[in-house]
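To start, the structure itself, in structure tokens.
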Amino acid sequence: MAAAAIRARLDNLVTSMFTTGMLDENFQQLRSMEENGTAAPGYVTEMINLFIKDTKRILNDIAGLLNQPVVDYDIVDVLVRQLKGCSYIVGAKKVNLSCMQFRRFYEPRSKERCLMALALAWNEFCEVRSKFEAMMQLEEQIAAYGPN
């Protein structure tokens, strides 16, 4: 019974992430791959952990570039594209959308607006990371109960 209650909490969390626009269909495709056996067990968790690690690194790298006296916007462009790719793979829709916003600001080479876009990207990342971590914790609790 406890595993069923935890499963319901997990399902509600994922549903709310979709409802609020935090996730898109790419996340559901990842989960489907694991559920139907085309991906190994733990694949979604592995992809989420890579997303968290890579996104943190990319955002820190962008921050470092924007704190330089002269910003290399070409490198910022490359990093934002990497961030967009990372978020796309796991279906982190709001992070992905923040990348589009970011691109609007570095094309005119506005350091101030890029810093605002970076703050937005960090905020969206922190929000989805928190939810992903809660999701993985619930999945660990369910796994502790053993197979269904």
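By order in the structure tokens, chains are A, B, ...; within a chain, residues start at 1; ligands start at 1, following the order shown.
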**Message:** Excluding A:Asp54 and its own-chain neighbours fewer than 5 positions away, which residues fall within 9 Å of it when counting only C-alpha atoms? Please give them as a list in words.
**Reply:**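 Residues near the query, excluding close chain neighbours: Asn49, Leu59, Gln82, Leu83 and Cys86 of chain A.
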Report as CSV the residues of stretch 89-115 of chain A within 12 Å of stretch 24-34 of chain A, each with its shortest atom pair and distance in Å (one decimal), using only C-alpha atoms, ordered by chain and increasing residue number.
residue,atom,partner,partner_atom,distance
A:Ile89,CA,A:Asn26,CA,6.5
A:Val90,CA,A:Phe27,CA,5.1
A:Gly91,CA,A:Phe27,CA,4.4
A:Ala92,CA,A:Asp24,CA,6.7
A:Lys93,CA,A:Asp24,CA,5.6
A:Lys94,CA,A:Asp24,CA,8.9
A:Val95,CA,A:Asp24,CA,10.9
A:Asn96,CA,A:Asp24,CA,10.0
A:Leu97,CA,A:Asp24,CA,11.1
Keeping all heavy atoms, export the residues of the selection given above as a compact mmCIF listing (two decimals), in the first residue's frame.
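Generated file (part_34.txt):
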# COMPACT_ATOMS: atom_id res chain seq x y z
N ILE A 89 16.70 17.41 -24.57
CA ILE A 89 16.80 15.96 -24.42
C ILE A 89 15.93 15.44 -23.27
O ILE A 89 15.29 14.41 -23.41
CB ILE A 89 18.28 15.53 -24.25
CG1 ILE A 89 19.02 15.72 -25.58
CG2 ILE A 89 18.39 14.10 -23.75
CD1 ILE A 89 20.52 15.59 -25.47
N VAL A 90 15.93 16.16 -22.15
CA VAL A 90 15.14 15.69 -21.00
C VAL A 90 13.75 16.30 -20.95
O VAL A 90 12.98 16.01 -20.04
CB VAL A 90 15.87 15.94 -19.65
CG1 VAL A 90 17.15 15.15 -19.58
CG2 VAL A 90 16.08 17.41 -19.39
N GLY A 91 13.43 17.15 -21.91
CA GLY A 91 12.10 17.74 -21.94
C GLY A 91 11.89 18.87 -20.95
O GLY A 91 10.76 19.15 -20.55
N ALA A 92 12.98 19.53 -20.55
CA ALA A 92 12.89 20.65 -19.61
C ALA A 92 12.46 21.90 -20.40
O ALA A 92 13.27 22.75 -20.77
CB ALA A 92 14.21 20.87 -18.90
N LYS A 93 11.18 22.00 -20.63
CA LYS A 93 10.61 23.00 -21.54
C LYS A 93 10.91 24.44 -21.12
O LYS A 93 11.29 25.26 -21.96
CB LYS A 93 9.10 22.79 -21.63
CG LYS A 93 8.41 23.72 -22.60
CD LYS A 93 6.93 23.39 -22.65
CE LYS A 93 6.18 24.29 -23.60
NZ LYS A 93 4.75 23.93 -23.62
N LYS A 94 10.76 24.76 -19.85
CA LYS A 94 10.98 26.14 -19.42
C LYS A 94 12.45 26.54 -19.54
O LYS A 94 12.75 27.69 -19.87
CB LYS A 94 10.47 26.36 -18.00
CG LYS A 94 8.96 26.46 -17.92
CD LYS A 94 8.52 26.86 -16.54
CE LYS A 94 7.03 27.07 -16.47
NZ LYS A 94 6.60 27.51 -15.14
N VAL A 95 13.35 25.61 -19.29
CA VAL A 95 14.77 25.91 -19.48
C VAL A 95 15.03 26.14 -20.96
O VAL A 95 15.73 27.08 -21.36
CB VAL A 95 15.68 24.79 -18.92
CG1 VAL A 95 17.14 25.06 -19.23
CG2 VAL A 95 15.47 24.63 -17.41
N ASN A 96 14.44 25.30 -21.79
CA ASN A 96 14.59 25.43 -23.23
C ASN A 96 14.07 26.78 -23.71
O ASN A 96 14.72 27.48 -24.51
CB ASN A 96 13.86 24.28 -23.92
CG ASN A 96 14.24 24.12 -25.36
OD1 ASN A 96 14.04 25.02 -26.16
ND2 ASN A 96 14.78 22.97 -25.70
N LEU A 97 12.92 27.18 -23.22
CA LEU A 97 12.35 28.49 -23.59
C LEU A 97 13.24 29.64 -23.12
O LEU A 97 13.37 30.66 -23.82
CB LEU A 97 10.94 28.64 -23.03
CG LEU A 97 9.88 27.73 -23.65
CD1 LEU A 97 8.56 27.85 -22.88
CD2 LEU A 97 9.68 28.05 -25.12
**Message:** I need the residue nearest A:Leu50 from this list: A:Ile62, A:Phe132, A:Thr20, A:Thr38. Use only C-alpha atoms for the distance.
**Reply:** A:Phe132
**Request:** From the DSSP assignment of the backbone, select every residue of chain A that is alpha helix (DSSP H), and format the answer as an NGL selection string.
**Result:** :A and (2-19 or 25-35 or 43-66 or 73-90 or 93-106 or 111-144)
**Message:** Between atom CA of A:Leu138 and atom CA of A:Gly37, what distance in Å does the model show, to one decimal?
**Reply:**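 According to the coordinates, atom CA of A:Leu138 and atom CA of A:Gly37 are separated by 20.7 Å.
As for atom CA of A:Asn36 and atom CA of A:Glu139, they are spaced 16.9 Å apart.
When the distance limit is 8 Å and only C-alpha atoms are what count, the residues near A:Ile52, minus those fewer than 4 positions from it on the same chain, are A:Ile48, A:Lys56, A:Arg129.
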**Item:** atom CA of A:Phe102 to atom CA of A:Ala121, distance in Å rounded to a single decimal
**Value:**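 Calculated distance between atom CA of A:Phe102 and atom CA of A:Ala121 is 8.1 Å.
The closest residue to A:Tyr43, picked from A:Cys99, A:Met136, A:Gln141, A:Ser16 and counting only C-alpha atoms, is A:Met136.
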**Message:** I want to know what sits within 9 Å of A:Arg103, based on only C-alpha atoms, with residues of the same chain fewer than 5 positions away left out; could you give that as a PyMOL selection string?
**Reply:** chain A and resi 77+80-81+98+114+117
**Shortest interatomic distance to A:Asn12 - which of A:Ala134, A:Phe105, A:Met100, A:Tyr88, counting only C-alpha atoms** =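 Closest residue, counting only C-alpha atoms: A:Ala134.
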